[in-house]
>>> print(open('coords_21.cif').read())   # mmCIF, C-alpha atoms
data_protein
#
loop_
_atom_site.label_atom_id
_atom_site.label_comp_id
_atom_site.auth_asym_id
_atom_site.auth_seq_id
_atom_site.Cartn_x
_atom_site.Cartn_y
_atom_site.Cartn_z
CA MET A 1 19.67 -84.57 26.11
CA HIS A 2 16.15 -84.10 27.46
CA PRO A 3 14.06 -87.28 26.94
CA THR A 4 11.47 -85.44 24.85
CA ARG A 5 14.18 -83.98 22.60
CA TYR A 6 15.77 -87.43 22.27
CA ILE A 7 12.47 -88.96 21.13
CA ILE A 8 11.93 -86.18 18.59
CA TYR A 9 15.51 -86.58 17.33
CA THR A 10 15.05 -90.34 16.93
CA ILE A 11 11.81 -89.87 14.98
CA LEU A 12 13.48 -87.35 12.66
CA VAL A 13 16.38 -89.72 11.98
CA LEU A 14 14.01 -92.60 11.20
CA LEU A 15 11.93 -90.41 8.91
CA SER A 16 15.06 -89.22 7.13
CA TRP A 17 16.26 -92.80 6.59
CA SER A 18 12.82 -93.89 5.39
CA CYS A 19 12.60 -91.02 2.90
CA LYS A 20 16.10 -91.79 1.62
CA LYS A 21 15.25 -95.48 1.16
CA THR A 22 12.01 -94.63 -0.65
CA THR A 23 13.81 -92.17 -2.91
CA GLU A 24 16.43 -94.79 -3.83
CA THR A 25 13.75 -97.34 -4.68
CA LEU A 26 11.66 -94.89 -6.70
CA SER A 27 14.70 -93.69 -8.65
CA SER A 28 15.57 -97.26 -9.64
CA LYS A 29 14.29 -98.80 -12.83
CA SER A 30 11.73 -101.54 -12.28
CA ILE A 31 12.30 -105.28 -12.27
CA GLN A 32 9.95 -105.59 -15.26
CA ASP A 33 12.19 -103.20 -17.23
CA PHE A 34 14.93 -105.83 -17.22
CA MET A 35 12.70 -108.91 -17.36
CA PRO A 36 9.62 -108.18 -19.48
CA LEU A 37 7.37 -111.23 -19.50
CA ALA A 38 4.65 -111.85 -22.10
CA ILE A 39 3.27 -114.99 -23.67
CA GLY A 40 4.85 -115.77 -27.05
CA LYS A 41 8.10 -113.89 -26.44
CA PHE A 42 11.31 -115.84 -27.06
CA ILE A 43 15.09 -115.55 -26.99
CA VAL A 44 17.57 -117.79 -28.85
CA TYR A 45 21.05 -118.24 -27.38
CA ASN A 46 24.36 -119.80 -28.28
CA LEU A 47 25.21 -122.32 -25.58
CA ASP A 48 28.68 -123.62 -24.80
CA SER A 49 28.43 -126.45 -22.29
CA THR A 50 31.50 -127.60 -20.36
CA VAL A 51 31.35 -131.29 -19.48
CA TYR A 52 33.80 -133.64 -17.78
CA THR A 53 34.32 -137.02 -19.47
CA ASN A 54 36.42 -140.19 -19.08
CA LEU A 55 35.39 -140.62 -15.44
CA GLY A 56 36.09 -136.96 -14.78
CA SER A 57 39.63 -136.98 -16.16
CA LYS A 58 38.99 -134.75 -19.20
CA MET A 59 37.16 -131.49 -19.86
CA GLU A 60 35.24 -130.83 -23.10
CA VAL A 61 33.19 -127.91 -24.45
CA ARG A 62 30.14 -128.80 -26.52
CA SER A 63 28.18 -126.16 -28.45
CA TYR A 64 24.44 -125.94 -29.03
CA GLN A 65 21.64 -123.45 -29.51
CA ILE A 66 18.80 -123.06 -27.01
CA LYS A 67 15.47 -121.26 -27.30
CA ASP A 68 13.47 -119.98 -24.32
CA THR A 69 9.80 -119.30 -25.09
CA ILE A 70 7.19 -117.94 -22.67
CA GLN A 71 4.29 -120.37 -23.02
CA SER A 72 1.67 -119.46 -20.40
CA PHE A 73 1.12 -118.12 -16.91
CA THR A 74 -0.71 -118.99 -13.74
CA THR A 75 -1.25 -117.08 -10.50
CA ASP A 76 0.40 -118.00 -7.21
CA ASN A 77 -1.10 -117.72 -3.72
CA LEU A 78 0.18 -114.12 -3.47
CA GLY A 79 -1.69 -113.09 -6.61
CA ARG A 80 1.48 -112.83 -8.69
CA LYS A 81 1.75 -114.01 -12.31
CA VAL A 82 3.98 -117.06 -12.65
CA PHE A 83 5.18 -117.40 -16.26
CA ARG A 84 6.01 -120.84 -17.61
CA ILE A 85 9.02 -120.85 -19.96
CA SER A 86 9.99 -123.81 -22.14
CA ARG A 87 13.61 -124.43 -23.11
CA LEU A 88 14.39 -126.13 -26.42
CA LEU A 89 17.82 -127.35 -27.55
CA ARG A 90 19.36 -128.21 -30.91
CA SER A 91 22.83 -128.76 -32.30
CA LYS A 92 24.40 -125.80 -34.08
CA ALA A 93 24.57 -127.88 -37.26
CA ASP A 94 20.84 -128.72 -37.25
CA SER A 95 18.50 -125.82 -38.01
CA ASN A 96 15.24 -127.76 -37.61
CA ASN A 97 15.18 -130.38 -34.86
CA TRP A 98 14.49 -128.73 -31.51
CA LEU A 99 14.37 -130.95 -28.45
CA ASN A 100 12.26 -129.82 -25.48
CA ILE A 101 14.57 -130.36 -22.50
CA TYR A 102 12.65 -128.77 -19.62
CA THR A 103 10.51 -125.87 -18.40
CA TYR A 104 11.06 -123.31 -15.66
CA ASN A 105 9.07 -120.51 -14.06
CA ALA A 106 9.66 -116.77 -13.74
CA ILE A 107 8.00 -114.21 -11.45
CA ALA A 108 8.81 -110.53 -11.93
CA ASP A 109 6.96 -108.50 -9.30
CA SER A 110 7.46 -104.97 -7.96
CA THR A 111 10.52 -105.85 -5.86
CA GLN A 112 12.31 -108.89 -7.29
CA LEU A 113 12.75 -111.43 -10.08
CA GLU A 114 12.38 -115.05 -9.03
CA ILE A 115 13.43 -117.93 -11.26
CA ILE A 116 12.25 -121.41 -10.21
CA GLU A 117 14.34 -124.03 -11.96
CA SER A 118 14.56 -127.75 -11.06
CA ASN A 119 12.46 -126.97 -7.96
CA GLN A 120 15.03 -124.42 -6.76
CA ARG A 121 14.15 -120.74 -6.31
CA TYR A 122 16.71 -118.05 -7.18
CA LEU A 123 16.36 -114.30 -6.55
CA LYS A 124 17.95 -113.03 -9.76
CA LEU A 125 17.11 -109.30 -9.49
CA MET A 126 16.21 -107.07 -6.55
CA LEU A 127 15.43 -103.39 -6.04
CA PRO A 128 17.05 -100.95 -6.13
CA ILE A 129 18.91 -101.60 -9.39
CA LYS A 130 22.08 -99.60 -8.81
CA ASP A 131 25.80 -100.28 -8.82
CA GLY A 132 27.03 -102.00 -5.68
CA PHE A 133 23.65 -103.08 -4.30
CA SER A 134 23.86 -106.69 -3.08
CA TRP A 135 21.58 -109.42 -1.74
CA LYS A 136 21.56 -113.15 -0.92
CA GLY A 137 20.34 -114.57 -4.21
CA ASN A 138 20.34 -118.23 -3.16
CA THR A 139 18.62 -117.73 0.18
CA TYR A 140 15.83 -120.21 -0.73
CA ILE A 141 18.20 -122.98 -1.84
CA ASN A 142 18.37 -125.85 0.66
CA THR A 143 22.13 -126.39 0.75
CA THR A 144 21.98 -128.40 3.98
CA THR A 145 19.67 -131.25 3.02
CA TYR A 146 21.04 -131.56 -0.51
CA PRO A 147 24.85 -131.80 -0.55
CA GLU A 148 24.97 -131.35 -4.32
CA PHE A 149 23.83 -127.74 -3.74
CA GLN A 150 26.31 -127.01 -0.95
CA PHE A 151 28.50 -124.93 -3.24
CA LEU A 152 25.58 -122.50 -3.72
CA ASN A 153 25.50 -121.60 -0.04
CA ASN A 154 25.67 -117.94 1.00
CA TRP A 155 26.19 -116.45 -2.47
CA GLU A 156 25.99 -112.68 -2.46
CA TYR A 157 24.74 -111.20 -5.73
CA SER A 158 25.73 -107.64 -6.61
CA TYR A 159 25.01 -105.19 -9.42
CA GLN A 160 27.75 -103.96 -11.74
CA ASP A 161 27.83 -101.73 -14.83
CA VAL A 162 24.26 -100.45 -14.50
CA ASP A 163 23.04 -98.74 -17.72
CA LYS A 164 26.08 -99.90 -19.71
CA ASN A 165 25.73 -100.23 -23.50
CA ILE A 166 27.15 -103.48 -24.88
CA SER A 167 27.19 -105.60 -28.04
CA ILE A 168 26.78 -109.40 -28.15
CA ASN A 169 26.91 -111.42 -31.37
CA ASN A 170 26.53 -108.21 -33.39
CA LEU A 171 23.41 -107.19 -31.45
CA GLY A 172 23.56 -103.87 -29.64
CA PHE A 173 21.91 -103.35 -26.26
CA THR A 174 21.48 -100.12 -24.33
CA ASN A 175 20.90 -99.88 -20.60
CA THR A 176 22.12 -103.26 -19.44
CA VAL A 177 22.90 -104.42 -15.91
CA SER A 178 25.34 -107.13 -14.84
CA VAL A 179 24.79 -109.32 -11.79
CA LEU A 180 27.94 -110.88 -10.38
CA GLN A 181 26.71 -113.82 -8.36
CA ARG A 182 29.97 -115.50 -7.40
CA ASN A 183 33.68 -115.22 -8.16
CA ASP A 184 35.61 -117.60 -5.90
CA THR A 185 38.65 -119.77 -6.63
CA ILE A 186 40.45 -122.07 -4.22
CA ASN A 187 44.12 -122.78 -5.07
CA ASN A 188 45.50 -122.78 -8.62
CA PRO A 189 43.30 -124.75 -11.06
CA SER A 190 46.20 -125.11 -13.51
CA ASN A 191 48.21 -127.07 -10.94
CA LYS A 192 46.83 -130.62 -11.21
CA ASN A 193 48.89 -131.82 -8.24
CA ILE A 194 46.72 -130.01 -5.69
CA PHE A 195 43.01 -129.70 -4.90
CA SER A 196 41.26 -126.74 -6.56
CA GLU A 197 37.75 -125.36 -6.91
CA ILE A 198 36.16 -122.69 -9.10
CA ASN A 199 32.75 -121.14 -8.46
CA TYR A 200 31.92 -118.36 -10.88
CA SER A 201 28.56 -117.02 -12.01
CA LYS A 202 27.52 -113.84 -13.82
CA GLU A 203 24.39 -112.79 -15.70
CA VAL A 204 23.65 -109.72 -17.85
CA PHE A 205 20.15 -108.32 -18.41
CA ALA A 206 19.14 -105.77 -21.05
CA GLU A 207 16.32 -103.31 -20.64
CA ASN A 208 13.15 -104.36 -22.51
CA VAL A 209 14.70 -107.73 -23.44
CA GLY A 210 15.75 -109.78 -20.40
CA LEU A 211 18.68 -112.15 -19.96
CA ILE A 212 21.22 -111.67 -22.76
CA PHE A 213 24.33 -113.36 -21.32
CA LYS A 214 25.18 -115.92 -18.67
CA GLU A 215 28.43 -117.53 -17.62
CA PHE A 216 28.61 -120.20 -14.93
CA LYS A 217 31.27 -122.63 -13.78
CA HIS A 218 31.39 -125.04 -10.85
CA GLN A 219 34.59 -127.06 -11.10
CA VAL A 220 36.19 -129.20 -8.39
CA TRP A 221 39.49 -130.99 -9.08
CA HIS A 222 40.99 -133.76 -6.95
CA PRO A 223 44.71 -134.47 -7.46
CA PRO A 224 46.10 -137.95 -8.22
CA ASN A 225 45.86 -140.57 -5.49
CA ALA A 226 46.12 -144.34 -5.12
CA ASN A 227 42.59 -144.90 -6.45
CA ASN A 228 42.77 -142.25 -9.18
CA PRO A 229 46.37 -141.96 -10.41
CA SER A 230 45.43 -139.33 -12.99
CA GLY A 231 43.25 -137.17 -10.73
CA TYR A 232 39.65 -136.31 -11.50
CA PHE A 233 36.95 -133.62 -11.62
CA GLU A 234 34.03 -134.15 -9.25
CA GLU A 235 30.92 -135.61 -10.84
CA ASN A 236 28.79 -132.49 -10.39
CA SER A 237 31.34 -130.18 -12.01
CA TYR A 238 29.90 -128.33 -15.01
CA GLY A 239 29.89 -125.01 -16.80
CA ILE A 240 27.76 -123.06 -19.30
CA LYS A 241 28.08 -119.90 -21.33
CA MET A 242 24.96 -118.43 -22.97
CA SER A 243 24.96 -115.46 -25.36
CA ILE A 244 21.92 -114.06 -27.12
CA LEU A 245 21.50 -114.59 -30.87
CA ARG A 246 18.05 -113.15 -31.54
CA HIS A 247 14.73 -112.32 -29.84
CA ASN A 248 11.27 -110.95 -30.59
CA PHE A 249 11.05 -108.44 -27.74
CA SER A 250 10.39 -104.83 -28.69
CA THR A 251 13.14 -102.47 -27.50
CA ALA A 252 11.01 -99.38 -28.10
CA LYS A 253 10.13 -97.31 -25.05
#
>>> encode(input="coords_21.cif", output="structure tokens")
Amino acid sequence: MHPTRYIIYTILVLLSWSCKKTTETLSSKSIQDFMPLAIGKFIVYNLDSTVYTNLGSKMEVRSYQIKDTIQSFTTDNLGRKVFRISRLLRSKADSNNWLNIYTYNAIADSTQLEIIESNQRYLKLMLPIKDGFSWKGNTYINTTTYPEFQFLNNWEYSYQDVDKNISINNLGFTNTVSVLQRNDTINNPSNKNIFSEINYSKEVFAENVGLIFKEFKHQVWHPPNANNPSGYFEENSYGIKMSILRHNFSTAK
């Protein structure tokens, strides 16, 4: 091919790819569609917390309610709004006494949703929002310096069931999107005579509402040995399941 023709051909290919990429991004719904942020908005969830007791020999599920409320916002050095969200917790039997357990931050800009929790930054949503699109959601997590975060290394988030209608706790949601963050199991967890590990994480977002469901489990089992004749779960094993109960977000277009 003549050099001039080759250059022209290369330019046309690059322009074609660029136009295709732009079209995909423009055709996607926005990050703010699935994570609307405004002061005073709240969501209440059922929370089932999996804990490991008796020096890691037993597994228990404890149930609570939690309430996330957007309290305020500041601006970061990139000019983006950083929303401060407080999380309250109460027992399911107590309808009054909320305990403030911590706060976290959320940034929903034109390309991604960042959640900063316990000084760790997660990329929860990215454009384009379409089935099969994937990204490294834990890329900002320092899994080298902090061994307790090693299991979060190299997680690849991916979209599933975009625009699916679902019902949770008798609440109907249209246009949801699921984010499968991890689904990895080593060996058979039901066999207590061998080492096993489970890392599973999935979140579901609803348009005009935000996070409506979350399931997470990090479980590491060590079989019986001379020091632990019954076997044990590692100390940092834990799991949660959150499902929305009510909210004050408007679902009107």
>>> closest_atom_pairs(input="coords_21.cif", of="stretch 41-76 of chain A", to="stretch 161-177 of chain A", cutoff="12 Å", atoms="all atoms listed in the file", output="JSON lines")
{"residue": "A:Val44", "atom": "CA", "partner": "A:Asn169", "partner_atom": "CA", "distance": 11.6}
{"residue": "A:Tyr45", "atom": "CA", "partner": "A:Asn169", "partner_atom": "CA", "distance": 9.8}
{"residue": "A:Asn46", "atom": "CA", "partner": "A:Asn169", "partner_atom": "CA", "distance": 9.3}
>>> residues_around(input="coords_21.cif", residues="A:Val179", least_positions_apart="3", cutoff="7 Å", atoms="only C-alpha atoms", output="list of chain:residue names")
A:Tyr157, A:Ser158, A:Tyr159, A:Gln160, A:Lys202, A:Glu203, A:Val204
>>> residues_near_point(input="coords_21.cif", point="(27.4, -129.8, -20.0)", cutoff="9 Å", atoms="only C-alpha atoms", output="ChimeraX atom specification")
/A:48-52,60-62,237-240
>>> resolve_selection(input="coords_21.cif", expression="the PyMOL selection byres ((chain A and resi 235) around 10)", output="PyMOL selection string")
chain A and resi 51-53+55-56+148+219-221+232-234+236-238
>>> closest_atom_pairs(input="coords_21.cif", of="stretch 28-93 of chain A", to="stretch 113-127 of chain A", cutoff="12 Å", atoms="only C-alpha atoms", output="CSV")
residue,atom,partner,partner_atom,distance
A:Ser28,CA,A:Leu127,CA,7.1
A:Lys29,CA,A:Leu127,CA,8.3
A:Ser30,CA,A:Leu127,CA,7.5
A:Ile31,CA,A:Leu113,CA,6.5
A:Gln32,CA,A:Leu113,CA,8.3
A:Asp33,CA,A:Leu113,CA,10.9
A:Phe34,CA,A:Leu125,CA,8.7
A:Met35,CA,A:Leu113,CA,7.7
A:Pro36,CA,A:Leu113,CA,10.4
A:Leu37,CA,A:Leu113,CA,10.8
A:Arg80,CA,A:Glu114,CA,11.1
A:Lys81,CA,A:Glu114,CA,11.2
A:Val82,CA,A:Glu114,CA,9.4
A:Phe83,CA,A:Ile115,CA,9.7
A:Arg84,CA,A:Ile116,CA,9.7
A:Ile85,CA,A:Glu117,CA,10.1
A:Ser86,CA,A:Glu117,CA,11.1
A:Arg87,CA,A:Glu117,CA,11.2
>>> atom_distance(input="coords_21.cif", atom1="atom CA of A:Lys41", atom2="atom CA of A:Ile107")
15.0 Å
>>> axis_aligned_box(input="coords_21.cif", around="stretch 100-103 of chain A", padding_each_side="8 Å", output="JSON")
{"center_x": 12.5, "center_y": -128.1, "center_z": -21.9, "size_x": 20.1, "size_y": 20.5, "size_z": 23.1}
>>> atom_distance(input="coords_21.cif", atom1="atom CA of A:Ser196", atom2="atom CA of A:Thr144")
22.0 Å
>>> atom_distance(input="coords_21.cif", atom1="atom CA of A:Ala93", atom2="atom CA of A:Gly40")
25.3 Å
>>> residues_around(input="coords_21.cif", residues="A:Leu89", least_positions_apart="2", cutoff="12 Å", atoms="all atoms listed in the file", output="count of residues only")
28
>>> closest_residue(input="coords_21.cif", among="A:Ser57, A:Tyr146, A:Asp76, A:Ser250", to="A:Lys192", atoms="all atoms listed in the file")
A:Ser57
>>> closest_residue(input="coords_21.cif", among="A:Pro223, A:Ser230, A:Leu180, A:Leu211", to="A:Ile244", atoms="all atoms listed in the file")
A:Leu211
>>> closest_residue(input="coords_21.cif", among="A:Asn188, A:Asn138, A:Asn228, A:Gln71", to="A:Asn105", atoms="all atoms listed in the file")
A:Gln71
>>> closest_residue(input="coords_21.cif", among="A:Ile70, A:Phe249, A:Asp109, A:Leu78", to="A:Glu207", atoms="only C-alpha atoms")
A:Phe249
>>> decode(input="coords_21.cif", residues="stretch 90-128 of chain A", atoms="C-alpha atoms", output="compact mmCIF listing (two decimals), in the first residue's frame")
# COMPACT_ATOMS: atom_id res chain seq x y z
CA ARG A 90 -30.66 -0.15 64.93
CA SER A 91 -31.94 -3.57 65.89
CA LYS A 92 -34.99 -4.80 64.01
CA ALA A 93 -36.89 -4.96 67.31
CA ASP A 94 -36.17 -1.32 68.22
CA SER A 95 -37.97 1.28 66.11
CA ASN A 96 -36.46 4.35 67.80
CA ASN A 97 -32.83 4.05 68.87
CA TRP A 98 -30.55 4.69 65.89
CA LEU A 99 -26.81 4.47 66.46
CA ASN A 100 -24.53 6.50 64.19
CA ILE A 101 -21.83 4.00 63.20
CA TYR A 102 -19.83 5.88 60.55
CA THR A 103 -19.90 8.18 57.51
CA TYR A 104 -18.68 7.70 53.97
CA ASN A 105 -18.36 9.81 50.83
CA ALA A 106 -19.83 9.51 47.34
CA ILE A 107 -18.82 11.24 44.10
CA ALA A 108 -20.99 10.76 41.01
CA ASP A 109 -19.44 12.62 38.09
CA SER A 110 -19.89 12.33 34.33
CA THR A 111 -17.89 9.11 34.00
CA GLN A 112 -17.92 7.16 37.27
CA LEU A 113 -19.28 6.67 40.78
CA GLU A 114 -16.67 6.69 43.53
CA ILE A 115 -17.42 5.53 47.06
CA ILE A 116 -14.81 6.37 49.71
CA GLU A 117 -15.34 4.17 52.75
CA SER A 118 -12.87 3.61 55.62
CA ASN A 119 -10.30 5.59 53.61
CA GLN A 120 -10.62 3.18 50.67
CA ARG A 121 -11.81 4.32 47.24
CA TYR A 122 -14.03 2.04 45.13
CA LEU A 123 -15.15 2.66 41.54
CA LYS A 124 -18.70 1.35 41.81
CA LEU A 125 -20.09 2.47 38.42
CA MET A 126 -18.42 3.38 35.13
CA LEU A 127 -19.58 4.43 31.67
CA PRO A 128 -20.90 3.01 29.47
